[in-house]
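Text of the file work.csv, holding CSV, C-alpha atoms and all ligand atoms:
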```
chain,number,residue,atom,x,y,z
A,1,MET,CA,11.2,60.6,-22.7
A,2,ALA,CA,13.9,61.8,-20.4
A,3,GLY,CA,13.3,62.3,-16.6
A,4,ARG,CA,10.8,60.5,-14.5
A,5,HIS,CA,7.2,59.8,-15.3
A,6,PHE,CA,4.7,61.7,-13.2
A,7,LEU,CA,2.0,59.2,-12.5
A,8,GLN,CA,-0.7,61.5,-11.1
A,9,ILE,CA,-3.8,59.6,-11.8
A,10,PRO,CA,-5.9,58.7,-8.8
A,11,GLY,CA,-4.5,55.2,-8.8
A,12,PRO,CA,-2.4,53.3,-9.6
A,13,THR,CA,-0.1,55.6,-7.6
A,14,ASN,CA,3.7,55.9,-7.4
A,15,VAL,CA,5.3,53.0,-5.7
A,16,PRO,CA,8.2,54.1,-3.5
A,17,GLU,CA,11.7,52.7,-4.1
A,18,ARG,CA,11.6,51.2,-0.6
A,19,ILE,CA,8.5,49.1,-1.5
A,20,LEU,CA,10.0,48.1,-4.9
A,21,ARG,CA,13.2,47.0,-3.1
A,22,ALA,CA,11.2,44.9,-0.6
A,23,MET,CA,9.5,43.1,-3.5
A,24,ASP,CA,12.7,42.7,-5.5
A,25,ARG,CA,13.6,39.2,-4.4
A,26,ALA,CA,13.4,35.6,-5.6
A,27,VAL,CA,9.9,34.1,-5.4
A,28,VAL,CA,9.5,32.3,-2.0
A,29,ASP,CA,7.8,29.1,-1.1
A,30,HIS,CA,4.3,30.1,-0.2
A,31,ARG,CA,4.0,27.1,2.2
A,32,GLY,CA,7.5,27.6,3.5
A,33,PRO,CA,8.6,28.8,6.9
A,34,ASP,CA,9.2,32.5,5.9
A,35,LEU,CA,5.7,33.5,4.9
A,36,PRO,CA,3.8,33.7,8.3
A,37,ALA,CA,6.0,36.5,9.7
A,38,VAL,CA,5.4,38.6,6.6
A,39,VAL,CA,1.7,37.9,6.6
A,40,HIS,CA,1.2,38.5,10.4
A,41,GLU,CA,3.1,41.8,10.3
A,42,ALA,CA,1.2,43.0,7.2
A,43,VAL,CA,-2.2,42.0,8.7
A,44,ALA,CA,-1.4,43.7,12.1
A,45,GLY,CA,-0.4,46.9,10.3
A,46,LEU,CA,-3.4,46.8,8.0
A,47,LYS,CA,-5.7,46.5,11.0
A,48,GLN,CA,-4.3,49.8,12.3
A,49,VAL,CA,-4.8,51.4,9.0
A,50,PHE,CA,-8.4,50.3,8.9
A,51,GLY,CA,-8.9,51.3,12.5
A,52,THR,CA,-10.0,47.9,13.7
A,53,ALA,CA,-9.3,45.5,16.5
A,54,ARG,CA,-12.3,43.2,15.8
A,55,GLY,CA,-12.2,43.0,12.0
A,56,GLU,CA,-10.5,40.2,10.0
A,57,ILE,CA,-8.3,41.1,7.1
A,58,VAL,CA,-8.9,39.0,4.0
A,59,LEU,CA,-6.5,39.1,1.0
A,60,TYR,CA,-6.9,37.9,-2.6
A,61,PRO,CA,-4.8,38.2,-5.7
A,62,ALA,CA,-7.4,40.5,-7.4
A,63,SER,CA,-8.2,44.2,-7.7
A,64,GLY,CA,-10.8,46.5,-6.1
A,65,THR,CA,-13.4,45.0,-8.5
A,66,GLY,CA,-12.7,41.5,-7.1
A,67,ALA,CA,-13.1,43.0,-3.6
A,68,TRP,CA,-16.6,44.2,-4.5
A,69,GLU,CA,-17.6,40.7,-5.6
A,70,ALA,CA,-16.0,39.2,-2.5
A,71,SER,CA,-17.9,41.5,-0.1
A,72,LEU,CA,-21.2,40.4,-1.7
A,73,VAL,CA,-20.9,36.7,-2.3
A,74,ASN,CA,-19.6,36.1,1.2
A,75,THR,CA,-22.5,37.7,3.0
A,76,LEU,CA,-25.7,37.6,0.9
A,77,SER,CA,-28.0,35.1,-0.8
A,78,PRO,CA,-29.8,35.2,-4.2
A,79,GLY,CA,-32.5,37.8,-4.4
A,80,ASP,CA,-31.5,39.6,-1.2
A,81,HIS,CA,-32.3,43.3,-1.2
A,82,VAL,CA,-29.4,45.7,-1.3
A,83,LEU,CA,-29.6,49.5,-1.1
A,84,ALA,CA,-26.9,51.1,-3.1
A,85,PHE,CA,-26.1,54.8,-3.1
A,86,VAL,CA,-24.8,56.0,-6.5
A,87,ASN,CA,-23.0,59.3,-6.7
A,88,GLY,CA,-20.4,58.5,-9.4
A,89,HIS,CA,-18.9,55.9,-11.7
A,90,PHE,CA,-17.5,53.6,-9.0
A,91,SER,CA,-20.6,53.5,-6.9
A,92,GLN,CA,-22.6,52.7,-10.1
A,93,LEU,CA,-20.3,49.8,-10.8
A,94,TYR,CA,-20.5,48.4,-7.3
A,95,ALA,CA,-24.3,48.4,-7.6
A,96,GLU,CA,-24.0,46.8,-11.0
A,97,CYS,CA,-21.7,44.1,-9.5
A,98,ALA,CA,-24.5,43.3,-7.0
A,99,ARG,CA,-27.1,43.2,-9.7
A,100,ARG,CA,-25.1,40.8,-11.9
A,101,LEU,CA,-24.7,38.5,-8.9
A,102,GLY,CA,-28.4,38.1,-8.6
A,103,LEU,CA,-29.2,40.5,-5.8
A,104,THR,CA,-32.2,42.8,-5.8
A,105,VAL,CA,-30.5,46.2,-6.0
A,106,GLU,CA,-32.3,49.4,-5.3
A,107,THR,CA,-30.3,52.5,-6.1
A,108,VAL,CA,-30.5,56.0,-4.7
A,109,GLU,CA,-29.2,58.3,-7.3
A,110,VAL,CA,-27.2,61.3,-5.9
A,111,PRO,CA,-26.0,64.1,-8.3
A,112,TRP,CA,-22.4,63.6,-9.4
A,113,GLY,CA,-20.3,66.0,-7.4
A,114,GLU,CA,-22.3,65.4,-4.2
A,115,ALA,CA,-21.8,63.1,-1.2
A,116,VAL,CA,-24.2,60.5,0.0
A,117,PRO,CA,-26.8,62.4,2.0
A,118,PRO,CA,-27.2,60.9,5.5
A,119,GLU,CA,-30.9,62.1,5.6
A,120,GLN,CA,-31.7,60.0,2.6
A,121,VAL,CA,-30.0,57.0,4.2
A,122,ARG,CA,-32.1,57.4,7.2
A,123,ASP,CA,-35.3,58.1,5.2
A,124,ARG,CA,-34.9,55.0,2.9
A,125,LEU,CA,-34.1,52.7,5.8
A,126,SER,CA,-36.9,54.1,8.0
A,127,ARG,CA,-39.4,53.4,5.2
A,128,ASP,CA,-38.2,49.8,5.0
A,129,GLY,CA,-40.7,48.5,7.6
A,130,GLU,CA,-40.2,44.9,6.7
A,131,ARG,CA,-36.4,45.3,7.1
A,132,ARG,CA,-35.8,43.8,3.7
A,133,TYR,CA,-32.5,45.5,2.9
A,134,ARG,CA,-29.7,43.2,3.9
A,135,ALA,CA,-26.9,45.7,3.1
A,136,VAL,CA,-26.2,49.3,2.3
A,137,LEU,CA,-23.4,50.0,-0.2
A,138,VAL,CA,-21.5,53.3,0.0
A,139,VAL,CA,-18.3,54.5,-1.7
A,140,HIS,CA,-16.2,56.4,0.8
A,141,ASN,CA,-14.3,58.5,-1.8
A,142,GLU,CA,-15.9,58.7,-5.3
A,143,THR,CA,-12.8,58.6,-7.5
A,144,SER,CA,-14.8,59.8,-10.5
A,145,THR,CA,-15.9,63.0,-8.9
A,146,GLY,CA,-13.4,63.7,-6.0
A,147,VAL,CA,-16.1,63.6,-3.4
A,148,THR,CA,-15.8,62.1,0.1
A,149,THR,CA,-18.8,60.9,2.0
A,150,ASP,CA,-19.0,61.2,5.7
A,151,LEU,CA,-19.1,57.6,6.7
A,152,ALA,CA,-19.7,58.4,10.4
A,153,ALA,CA,-22.8,60.4,9.4
A,154,VAL,CA,-24.1,57.5,7.3
A,155,ARG,CA,-23.6,55.1,10.2
A,156,ALA,CA,-25.5,57.5,12.5
A,157,ALA,CA,-28.3,57.6,9.9
A,158,ILE,CA,-28.5,53.8,9.8
A,159,ASP,CA,-28.6,53.7,13.6
A,160,ALA,CA,-31.2,56.5,13.7
A,161,ALA,CA,-33.4,54.3,11.5
A,162,GLY,CA,-32.7,51.4,13.8
A,163,HIS,CA,-32.0,49.3,10.7
A,164,PRO,CA,-30.0,46.0,10.9
A,165,ALA,CA,-28.6,46.2,7.4
A,166,LEU,CA,-24.9,45.4,6.9
A,167,TYR,CA,-22.8,48.5,6.2
A,168,PHE,CA,-20.4,48.0,3.2
A,169,VAL,CA,-18.0,50.6,2.2
A,170,ASP,CA,-15.6,50.8,-0.8
A,171,VAL,CA,-12.6,52.6,0.6
A,172,VAL,CA,-10.4,51.9,-2.5
A,173,SER,CA,-9.2,55.5,-3.1
A,174,ALA,CA,-9.5,56.5,0.6
A,175,LEU,CA,-7.6,54.0,2.7
A,176,GLY,CA,-4.3,55.4,3.7
A,177,SER,CA,-5.3,58.9,2.6
A,178,ILE,CA,-8.6,59.7,4.3
A,179,ASP,CA,-9.5,58.9,7.9
A,180,LEU,CA,-11.2,55.5,8.4
A,181,ARG,CA,-12.5,54.1,11.7
A,182,PHE,CA,-13.8,50.7,11.0
A,183,ASP,CA,-14.7,49.7,14.5
A,184,GLU,CA,-15.9,53.2,15.7
A,185,TRP,CA,-18.2,53.6,12.7
A,186,LYS,CA,-19.4,50.0,13.0
A,187,ILE,CA,-18.6,49.2,9.4
A,188,ASP,CA,-19.3,45.6,8.4
A,189,VAL,CA,-17.1,45.3,5.3
A,190,ALA,CA,-14.5,47.8,4.0
A,191,LEU,CA,-12.7,46.9,0.9
A,192,THR,CA,-9.8,48.2,-1.2
A,193,GLY,CA,-7.1,47.4,-3.8
A,194,THR,CA,-3.4,47.8,-3.2
A,195,GLN,CA,-2.7,50.3,-6.0
A,196,LYS,CA,-4.0,53.5,-4.4
A,197,GLY,CA,-3.2,54.8,-0.9
A,198,LEU,CA,-1.4,51.7,0.0
A,199,MET,CA,1.3,52.7,-2.6
A,200,LEU,CA,1.7,49.2,-4.0
A,201,PRO,CA,1.4,48.0,-7.6
A,202,PRO,CA,-2.1,46.7,-8.7
A,203,GLY,CA,-2.6,43.1,-7.9
A,204,MET,CA,-4.3,42.5,-4.5
A,205,ALA,CA,-7.7,43.0,-3.1
A,206,VAL,CA,-7.8,43.8,0.6
A,207,LEU,CA,-11.0,43.4,2.7
A,208,CYS,CA,-11.7,44.0,6.4
A,209,ALA,CA,-14.7,42.0,7.6
A,210,GLY,CA,-16.4,42.6,10.9
A,211,PRO,CA,-18.0,40.1,13.1
A,212,ARG,CA,-21.5,40.6,11.7
A,213,ALA,CA,-20.3,40.2,8.2
A,214,LEU,CA,-18.4,37.0,9.1
A,215,GLU,CA,-21.5,35.7,10.8
A,216,ALA,CA,-23.6,36.5,7.7
A,217,GLY,CA,-21.0,34.5,5.8
A,218,GLU,CA,-21.9,31.3,7.6
A,219,ARG,CA,-25.5,31.6,6.2
A,220,ALA,CA,-25.0,33.3,2.8
A,221,THR,CA,-25.9,31.1,-0.2
A,222,LEU,CA,-24.6,33.0,-3.3
A,223,PRO,CA,-22.2,30.7,-5.1
A,224,ARG,CA,-18.6,31.3,-4.1
A,225,TYR,CA,-15.4,29.4,-4.5
A,226,PHE,CA,-12.3,31.4,-5.0
A,227,PHE,CA,-13.8,34.3,-3.0
A,228,ASP,CA,-15.1,32.2,-0.1
A,229,TRP,CA,-13.4,34.0,2.7
A,230,ARG,CA,-13.9,31.3,5.3
A,231,PRO,CA,-10.9,29.2,4.3
A,232,VAL,CA,-8.9,32.4,3.7
A,233,VAL,CA,-9.6,33.7,7.2
A,234,ARG,CA,-8.7,30.3,8.7
A,235,GLU,CA,-5.4,29.9,6.8
A,236,MET,CA,-4.4,33.6,7.2
A,237,GLN,CA,-4.5,33.1,11.0
A,238,ARG,CA,-1.6,30.6,10.5
A,239,GLY,CA,0.1,33.0,8.0
A,240,TYR,CA,-0.8,31.0,4.9
A,241,PHE,CA,-3.5,30.9,2.2
A,242,PRO,CA,-5.8,28.3,0.6
A,243,TYR,CA,-4.6,29.5,-2.8
A,244,THR,CA,-1.2,30.6,-4.1
A,245,PRO,CA,-0.9,34.2,-2.9
A,246,ALA,CA,0.9,37.0,-4.6
A,247,THR,CA,3.9,36.4,-2.4
A,248,LEU,CA,6.1,39.2,-3.6
A,249,MET,CA,3.2,41.6,-3.1
A,250,LEU,CA,3.0,40.5,0.5
A,251,TYR,CA,6.5,41.6,1.1
A,252,GLY,CA,5.6,44.9,-0.5
A,253,LEU,CA,2.5,45.2,1.6
A,254,ARG,CA,4.5,44.6,4.8
A,255,GLU,CA,6.8,47.4,3.7
A,256,ALA,CA,3.9,49.7,2.8
A,257,VAL,CA,2.3,49.4,6.3
A,258,ARG,CA,5.7,49.9,7.9
A,259,MET,CA,6.1,53.1,6.0
A,260,LEU,CA,2.6,54.3,6.9
A,261,LEU,CA,3.1,53.5,10.6
A,262,GLU,CA,6.6,55.0,10.7
A,263,GLU,CA,5.2,58.3,9.3
A,264,GLY,CA,2.3,58.0,11.7
A,265,LEU,CA,-1.2,57.7,10.5
A,266,PRO,CA,-2.3,61.1,11.7
A,267,ASN,CA,0.7,62.6,9.8
A,268,VAL,CA,-0.2,60.6,6.7
A,269,LEU,CA,-3.7,62.0,6.8
A,270,GLU,CA,-2.5,65.5,7.5
A,271,ARG,CA,0.0,65.3,4.6
A,272,HIS,CA,-2.9,64.3,2.2
A,273,ARG,CA,-5.0,67.2,3.5
A,274,ARG,CA,-2.2,69.7,3.0
A,275,LEU,CA,-1.3,68.5,-0.5
A,276,ALA,CA,-4.9,68.4,-1.5
A,277,GLU,CA,-5.6,71.9,-0.3
A,278,GLY,CA,-2.6,73.1,-2.3
A,279,VAL,CA,-4.1,71.5,-5.4
A,280,ARG,CA,-7.5,73.1,-4.7
A,281,ARG,CA,-5.9,76.5,-4.3
A,282,ALA,CA,-4.3,76.0,-7.8
A,283,VAL,CA,-7.6,75.1,-9.4
A,284,THR,CA,-9.2,78.3,-8.0
A,285,ALA,CA,-6.3,80.3,-9.2
A,286,TRP,CA,-6.7,78.9,-12.7
A,287,GLY,CA,-10.3,80.1,-12.7
A,288,LEU,CA,-11.5,76.5,-13.1
A,289,GLU,CA,-14.1,74.6,-11.0
A,290,ASN,CA,-13.8,71.6,-8.7
A,291,LEU,CA,-16.5,69.1,-9.7
A,292,CYS,CA,-17.1,68.5,-6.0
A,293,ALA,CA,-20.0,70.8,-5.0
A,294,ARG,CA,-19.1,71.6,-1.4
A,295,ARG,CA,-16.0,72.3,0.6
A,296,GLU,CA,-16.9,69.7,3.3
A,297,TRP,CA,-17.0,67.0,0.7
A,298,TYR,CA,-13.6,67.8,-1.0
A,299,SER,CA,-11.5,64.7,-1.5
A,300,ASN,CA,-8.0,64.7,-0.1
A,301,SER,CA,-6.9,62.0,-2.5
A,302,LEU,CA,-7.9,63.5,-5.8
A,303,THR,CA,-9.5,66.5,-7.5
A,304,ALA,CA,-11.7,66.4,-10.5
A,305,VAL,CA,-11.3,69.7,-12.5
A,306,VAL,CA,-14.1,70.8,-14.8
A,307,VAL,CA,-13.0,72.3,-18.1
A,308,PRO,CA,-14.8,75.1,-19.8
A,309,HIS,CA,-17.7,74.3,-22.3
A,310,GLY,CA,-16.5,73.4,-25.7
A,311,VAL,CA,-13.2,72.0,-24.6
A,312,ASP,CA,-12.5,68.3,-24.4
A,313,SER,CA,-10.9,67.4,-21.1
A,314,ASP,CA,-9.3,64.3,-22.8
A,315,ALA,CA,-7.2,66.8,-24.8
A,316,VAL,CA,-5.6,68.0,-21.6
A,317,VAL,CA,-4.8,64.5,-20.5
A,318,ARG,CA,-3.4,63.7,-23.9
A,319,ALA,CA,-1.2,66.7,-24.0
A,320,ALA,CA,0.1,66.0,-20.5
A,321,ALA,CA,1.0,62.4,-21.5
A,322,ALA,CA,2.4,63.1,-24.9
A,323,ARG,CA,4.5,66.2,-24.2
A,324,LEU,CA,5.2,66.2,-20.5
A,325,ASN,CA,5.5,62.6,-19.4
A,326,LEU,CA,2.7,63.4,-16.9
A,327,SER,CA,-0.3,61.1,-16.4
A,328,LEU,CA,-3.6,62.8,-15.3
A,329,GLY,CA,-6.9,61.0,-15.0
A,330,VAL,CA,-9.6,61.2,-17.6
A,331,GLY,CA,-13.2,61.9,-16.9
A,332,LEU,CA,-15.1,58.7,-16.4
A,333,GLY,CA,-18.7,57.7,-17.4
A,334,ARG,CA,-21.1,60.6,-17.5
A,335,VAL,CA,-18.3,63.2,-17.0
A,336,LYS,CA,-16.0,61.9,-19.8
A,337,GLY,CA,-14.6,64.8,-21.8
A,338,LYS,CA,-15.8,67.3,-19.1
A,339,VAL,CA,-13.3,66.8,-16.3
A,340,PHE,CA,-9.7,65.7,-15.8
A,341,ARG,CA,-8.6,64.4,-12.5
A,342,ILE,CA,-5.4,65.1,-10.5
A,343,GLY,CA,-4.4,62.3,-8.2
A,344,HIS,CA,-2.7,63.4,-5.0
A,345,LEU,CA,-2.7,60.3,-2.9
A,346,GLY,CA,-0.1,57.8,-1.8
A,347,ALA,CA,3.6,58.4,-1.9
A,348,LEU,CA,3.7,62.2,-2.6
A,349,ASN,CA,5.2,65.4,-1.4
A,350,GLU,CA,5.0,69.2,-1.9
A,351,LEU,CA,7.5,69.4,-4.7
A,352,GLU,CA,5.9,66.6,-6.6
A,353,VAL,CA,2.5,68.4,-6.3
A,354,LEU,CA,4.1,71.6,-7.5
A,355,ALA,CA,5.6,69.9,-10.5
A,356,THR,CA,2.3,68.2,-11.3
A,357,LEU,CA,0.5,71.6,-11.1
A,358,ALA,CA,3.1,73.1,-13.4
A,359,GLY,CA,2.6,70.3,-15.9
A,360,THR,CA,-1.2,70.6,-15.6
A,361,GLU,CA,-1.0,74.3,-16.4
A,362,LEU,CA,1.2,73.6,-19.5
A,363,ALA,CA,-1.1,70.8,-20.6
A,364,CYS,CA,-4.2,73.0,-20.2
A,365,THR,CA,-2.5,75.7,-22.3
A,366,MET,CA,-1.6,73.2,-25.0
A,367,ALA,CA,-5.2,71.8,-25.1
A,368,GLY,CA,-6.8,75.2,-25.4
A,369,VAL,CA,-8.0,75.6,-21.8
A,370,PRO,CA,-7.1,79.2,-20.9
A,371,VAL,CA,-5.3,79.2,-17.5
A,372,PRO,CA,-2.8,81.9,-16.5
A,373,LEU,CA,0.6,80.2,-16.5
A,374,GLY,CA,2.2,80.1,-13.1
A,375,ALA,CA,-1.0,81.1,-11.2
A,376,GLY,CA,-1.7,77.6,-9.9
A,377,VAL,CA,1.8,76.9,-8.9
A,378,THR,CA,2.0,80.3,-7.2
A,379,ALA,CA,-1.2,79.8,-5.3
A,380,CYS,CA,-0.1,76.4,-4.2
A,381,GLU,CA,3.3,77.6,-3.1
A,382,ARG,CA,1.8,80.4,-1.1
A,383,TYR,CA,-0.4,77.9,0.7
A,384,PHE,CA,2.5,75.6,1.4
A,385,ALA,CA,4.6,78.5,2.6
A,386,GLU,CA,1.8,79.5,5.0
A,387,GLN,CA,1.8,76.0,6.4
A,388,TYR,CA,5.4,76.4,7.3
A,389,ALA,CA,5.1,80.0,8.5
A,390,GLY,CA,6.7,80.3,11.9
A,391,THR,CA,9.2,77.6,11.3
A,392,ALA,CA,11.7,80.1,9.8
A,393,PRO,CA,14.1,82.0,12.0
A,394,ALA,CA,12.5,85.3,13.2
A,395,ARG,CA,15.3,87.6,11.9
A,396,PRO,CA,17.0,86.3,8.8
A,397,THR,CA,20.7,87.4,8.9
A,398,ALA,CA,21.8,86.1,5.5
A,399,ALA,CA,22.6,89.5,4.0
A,400,LYS,CA,25.5,89.4,1.5
A,401,ALA,CA,27.2,92.2,3.4
A,402,ALA,CA,27.5,90.0,6.5
A,403,LEU,CA,29.7,87.6,4.6
A,404,THR,CA,32.5,90.1,4.0
A,501,LIG,C1,-10.0,52.3,-8.4
A,501,LIG,C2,-11.4,52.1,-7.7
A,501,LIG,C3,-12.1,50.9,-7.9
A,501,LIG,C4,-11.7,49.8,-8.8
A,501,LIG,O1,-10.8,49.0,-8.5
A,501,LIG,P1,-9.9,48.2,-9.5
A,501,LIG,O2,-8.8,47.9,-8.7
A,501,LIG,O3,-9.7,49.0,-10.7
A,501,LIG,O4,-10.7,47.0,-9.8
A,501,LIG,C5,-13.2,50.8,-7.1
A,501,LIG,N1,-13.7,51.7,-6.4
A,501,LIG,C6,-13.1,52.9,-6.3
A,501,LIG,C7,-13.7,54.0,-5.4
A,501,LIG,C8,-11.9,53.1,-7.0
A,501,LIG,O5,-11.3,54.3,-6.9
```
Can you turn what I pasted into structure tokens?
Amino acid sequence: MAGRHFLQIPGPTNVPERILRAMDRAVVDHRGPDLPAVVHEAVAGLKQVFGTARGEIVLYPASGTGAWEASLVNTLSPGDHVLAFVNGHFSQLYAECARRLGLTVETVEVPWGEAVPPEQVRDRLSRDGERRYRAVLVVHNETSTGVTTDLAAVRAAIDAAGHPALYFVDVVSALGSIDLRFDEWKIDVALTGTQKGLMLPPGMAVLCAGPRALEAGERATLPRYFFDWRPVVREMQRGYFPYTPATLMLYGLREAVRMLLEEGLPNVLERHRRLAEGVRRAVTAWGLENLCARREWYSNSLTAVVVPHGVDSDAVVRAAAARLNLSLGVGLGRVKGKVFRIGHLGALNELEVLATLAGTELACTMAGVPVPLGAGVTACERYFAEQYAGTAPARPTAAKAALT
């Protein structure tokens, strides 16, 4: 197909040219003299992105799924009790990962489309008089539903219960798009993959482990070898790894954090908020619903759009891919066939969002979802225009008559 492919799934995301260029080089010696400078700069940048001064960055050639496993095997022992909040597909899988590793997992089921309720966190932990839960698992941004949980409120709930459980958060589709304050919110492990807000290809798992998690790692007895973070932390301090790292990805990672810091993290977050709001205005103008139940939970990295009864949302995704060279996300798990997802995270700007919305309107029309053509694009344009109101000259003078 002619023209560029619009990769608007909620990860993997578009990789900027600048990052591709940074990775386009001969493979380096991973024990050679060049690597430490790359690793040190990437790690220092990542710490800023995570919002941490006291956490350790841990990298593996893996994906977000590997990061889940690493967070658990490094900190827990067989049979340990874990409290997992499940409000979508990814939180369900994180809990399943813990179960398969031999942990005793209790899940709190939250309706899909809702955020983790802090009251329930407080309630469940307060009732755990014997303090059996060793860890609480929460997904910051549920990528299956487009719902963001207030991690500060969850932390406050854990504190209100006076519970010592470790606080683990999956920030896979949030980091670099939605505010994260690892130290301030006393998170013990935050984990991600490289292919979402970090704008890199898939291929690396990134964890940030706080002092309590690192300390738990000294006593944990779940079997671990590749994922044992102790040698990784040790070697990374010298700029090396105990395994062969994804060296070219490290160059890309350094470039990605440079880009985020050059734009400025507050600006990056504000851009995501603005683009996301533009998409939401479009969804409303189409007369369709956001799966996310409340405004305060709306995700700034993706939107899950509910299609009308009797329509298969996969048909929208198929039409977009086959006819328009546009990739939208399918509904996952329980909402398969009922929603499609628009990814609006990573390297993205206004025009790309508008093109995506134009393509989504066309795909909906082709798939039999009745949306007024142009309505979403117009609503989004209006919103973007409002954002820039006041930046135009007060009295435009470009009348044709003035030219002659
Ligand atoms: C994408 C995603 C994952 C899965 O990561 P993989 O890199 O596909 O293994 C986990 N959690 C969330 C919230 C995600 O969005």
**Request:** With a distance cut-off of 12 Å and all atoms listed in the file, select the neighbouring residues of Asn300 in chain A, excluding the residue or stretch itself and same-chain residues fewer than 4 positions from it, and output the selection as a count of residues only.
**Result:** 40
**Message:** Within 8 Å of ligand LIG 501 (chain A) (counting all atoms listed in the file), which residues show up? I'd like them as an NGL selection string.
**Reply:** :A and (10-12 or 62-68 or 90-91 or 94 or 139-144 or 170-174 or 192-196 or 202-203 or 205)
**Request:** For range 354-364 of chain A, please output as a list in words all residues within 7 Å (counting all atoms listed in the file; exclusion window: fewer than 4 positions along the same chain).
**Result:**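 Using all atoms listed in the file, the neighbours found are Val316, Ala319, Ala320, Leu324, Leu326, Glu350, Gly368, Val369, Pro370, Val371, Leu373, Gly376 and Val377 of chain A.
Each of A:Asn325, A:Thr107, A:Ser313, A:Asn267 was checked against His81 in chain A using all atoms listed in the file; the smallest atom-to-atom distance is that of A:Thr107.
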**Item:** Nearest to Pro36 in chain A by atom-to-atom distance, counting all atoms listed in the file, from A:Gly239, A:Thr303, A:Pro372, A:Leu291
**Value:**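 For Pro36 in chain A, the nearest of the candidates is A:Gly239.
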**Request:** Counting all atoms listed in the file, note down every residue that has an atom within 12 Å of the point (-21.5, 48.5, -12.1) (file coordinates), as a PyMOL selection string.
**Result:** chain A and resi 65+68-69+84-86+88-101+105+107+333
**Asked** Which protein, DNA or RNA residues are at most 12 Å from (-33.0, 52.1, 15.4) in the file's coordinates when you count only C-alpha atoms, listed as a PyMOL selection string?
**Response** chain A and resi 122+125-126+128-129+131+155-165
**Prompt:** CA of Phe227 in chain A and CA of Val189 in chain A are how many Å apart?
**Reply:**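 Rounded to one decimal, the two atoms are 14.2 Å apart.
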**Message:** Which residue is closest to Phe226 in chain A? Choose from A:Asn74, A:Ser301, A:Thr13, A:Gln8 and count all atoms listed in the file.
**Reply:**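 Checking each of A:Asn74, A:Ser301, A:Thr13, A:Gln8 against Phe226 in chain A, counting all atoms listed in the file, the winner is A:Asn74.
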**Message:** I want to know what sits within 6 Å of Val339 in chain A, based on all atoms listed in the file, with residues of the same chain fewer than 3 positions away left out; could you give that as a list in words?
**Reply:** Val305, Val306, Val307, Ser313 and Gly331 of chain A
Convert the current residue selection to file output with C-alpha atoms, as a CSV table (one decimal), in the frame of the given file.
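The result, stored in selection_20.csv:
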```csv
chain,number,residue,atom,x,y,z
A,305,VAL,CA,-11.3,69.7,-12.5
A,306,VAL,CA,-14.1,70.8,-14.8
A,307,VAL,CA,-13.0,72.3,-18.1
A,313,SER,CA,-10.9,67.4,-21.1
A,331,GLY,CA,-13.2,61.9,-16.9
```
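The space between CA of Val138 in chain A and CA of Lys336 in chain A spans 22.3 Å.
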**Item:** For range 46-57 of chain A: contacts at 6 Å, only C-alpha atoms, fewer than 6 positions along chain excluded, given as a list in words
**Value:** Leu180, Arg181, Phe182, Asp183, Leu207, Cys208, Ala209 and Gly210 of chain A
Written file, previous selection with C-alpha atoms, as a PDB file, in the coordinates of the input:
```pdb
ATOM      1  CA  LEU A 180     -11.200  55.500   8.400  1.00  0.00           C
ATOM      2  CA  ARG A 181     -12.500  54.100  11.700  1.00  0.00           C
ATOM      3  CA  PHE A 182     -13.800  50.700  11.000  1.00  0.00           C
ATOM      4  CA  ASP A 183     -14.700  49.700  14.500  1.00  0.00           C
ATOM      5  CA  LEU A 207     -11.000  43.400   2.700  1.00  0.00           C
ATOM      6  CA  CYS A 208     -11.700  44.000   6.400  1.00  0.00           C
ATOM      7  CA  ALA A 209     -14.700  42.000   7.600  1.00  0.00           C
ATOM      8  CA  GLY A 210     -16.400  42.600  10.900  1.00  0.00           C
TER       9      GLY A 210
END
```
**Item:** Coordinates-based distance that separates CA of Cys380 in chain A from CA of Gly287 in chain A (Å, one decimal)
**Value:** 13.8 Å
**Prompt:** Residues at most 12 Å from His40 in chain A, counting all atoms listed in the file, excluding those fewer than 4 positions away in the same chain, as a list in words?
**Reply:**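 The contact residues come out as Asp34, Leu35, Pro36, Ala44, Gly45, Leu46, Lys47, Glu56, Ile57, Val58, Glu235, Met236, Gln237, Arg238, Gly239, Tyr240, Leu250, Tyr251, Leu253, Arg254 and Val257 of chain A.
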**Asked** For Leu328 in chain A, which residue among A:Val38, A:Ile187, A:Ala315, A:Leu351 is the nearest when counting only C-alpha atoms?
**Response** A:Ala315
